[in-house]
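Notes for the one structure printed next.
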Amino acid sequence: MLVVGKILRPHGIRGELVVEVHTDEPEDRFTVGSVFDTGPTEDTLGGRLTIESVRWHQGRPLIFFAEVPDRNAAEELRGLLLWVDSAGIAAPEDPDEFHDHQLVGLDVVTVGGDKVGVVARIDHAPASDMLVVRREDRTTSLVPFVRAIVPTVDVAGGRVVIDPPDGLLDL
């Protein structure tokens, strides 16, 4: 299961919700009829939400879900994560493009073959995406996900090869 969004807050008085996007293709993911699983939180057991209507405002989708009749019900959904099954997501057409879930868990090794750690997550920064690598000593390192530093991604082989400049892994 993959997180593709997070409900931030209600918008207006009719039950519309502001959603923070956690996916590379929000226009495809947040469409009328799309169904999301919601994870359990302290206050809810989780369930399913179906998009009834969506419009974009200031880069975020404002969504009416069929299961949310009014603002009071919308208030109860603050902080819920929206999940989809990764099996239903097609691989990117570009061979140099990857979904986050394809990279998480891959071993990270240097071009010399030294094991560095495992990809824990991908942070999407303004300048470039960053691989967050959980090191063998339980610390983390940030590795810019650019071809000069990450020359090889072998999803089938379960590894990412990096060529870090001096000092990158010492930060």
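In the structure tokens, each chain is lettered A, B, ... as it comes, each chain's residues begin at 1, and ligands are numbered from 1 in order of appearance.
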
- Query: Could you write out, as a ChimeraX atom specification, all the residues of chain A that DSSP marks as strand (DSSP E)?
  - Reply: /A:2-11,16-21,35-38,47-57,60-65,81-84,107-110,115-124,129-135,140-144,152-154,159-162

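Residues lying within 10 Å of Val111 in chain A, counting only C-alpha atoms and ignoring same-chain neighbours fewer than 2 positions away, are Val108, Val109, Gly113, Asp114, Lys115, Ile149, Val150, Pro151, Thr152, Val160, Val161, Ile162, Asp163 and Pro164 of chain A.
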
- Item | Counting only C-alpha atoms, the residue of A:Arg159, A:Arg134, A:His124, A:Arg78 that sits nearest Asp107 in chain A | A:Arg159

- Task: To one decimal in Å, tell me the separation between CA of Ser34 in chain A and CA of Glu97 in chain A.
- Result: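 Value for the CA of Ser34 in chain A-CA of Glu97 in chain A distance: 24.0 Å.
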
- Within 9 Å of Val19 in chain A, counting only C-alpha atoms, which residues show up once you throw out same-chain ones fewer than 5 positions away? Write them as number ranges by chain, please. A: 5-9, 60-63

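For the atom pair formed by CA of Gly33 in chain A and CA of Glu67 in chain A, the distance is 12.1 Å, given to one decimal.
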
- Item | DSSP-assigned helix (DSSP H, G or I) among chain A, expressed as a list of chain:residue names | A:Pro26, A:Glu27, A:Asp28, A:Arg29, A:Arg71, A:Asn72, A:Ala73, A:Ala74, A:Glu75, A:Ser86, A:Ala87, A:Gly88, A:Asp100, A:His101, A:Gln102, A:Leu103, A:Leu168, A:Leu169, A:Asp170

Excluding same-chain residues fewer than 2 positions from Phe65 in chain A, what lies within 6 Å of it counting only C-alpha atoms, as a JSON list (two decimals) with C-alpha atoms, in the first residue's frame?
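Output file part.json is given in full below:
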```json
[["chain", "number", "residue", "atom", "x", "y", "z"],
["A", 50, "THR", "CA", -14.54, 7.80, -3.09],
["A", 51, "ILE", "CA", -13.98, 11.09, -4.91],
["A", 52, "GLU", "CA", -17.27, 12.68, -5.90],
["A", 67, "GLU", "CA", -18.88, 9.36, 2.18],
["A", 68, "VAL", "CA", -18.51, 12.85, 3.72]]
```

- Message: Using Å and a single decimal, report how far CA of Pro10 in chain A sits from CA of Arg71 in chain A.
- Response: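 Between CA of Arg71 in chain A and CA of Pro10 in chain A the gap is 6.6 Å.
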
- For Arg48 in chain A, work out the shell of residues within 6 Å, counting only C-alpha atoms and skipping chain neighbours fewer than 6 positions away, then give it as a ChimeraX atom specification. /A:36-38

Mind writing the picked residues with C-alpha atoms as a PDB file, in the first residue's frame?
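As a result, selection-v4.pdb now contains:
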```
ATOM      1  CA  PHE A  36      -8.738   5.406  -1.436  1.00  0.00           C
ATOM      2  CA  ASP A  37      -8.209   3.326   1.653  1.00  0.00           C
ATOM      3  CA  THR A  38      -7.727   5.321   4.838  1.00  0.00           C
TER       4      THR A  38
END
```

- Message: I need the residue nearest Val84 in chain A from this list: A:Val3, A:Ala120, A:Ala66, A:Leu169. Use only C-alpha atoms for the distance.
- Response: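 The shortest atom-to-atom distance to Val84 in chain A comes from A:Val3.
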
- Message: I need the residue nearest Phe145 in chain A from this list: A:Glu16, A:Asp96, A:Asp166, A:Asp85. Use only C-alpha atoms for the distance.
- Response: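 Comparing A:Glu16, A:Asp96, A:Asp166, A:Asp85 against Phe145 in chain A, the winner is A:Asp96.
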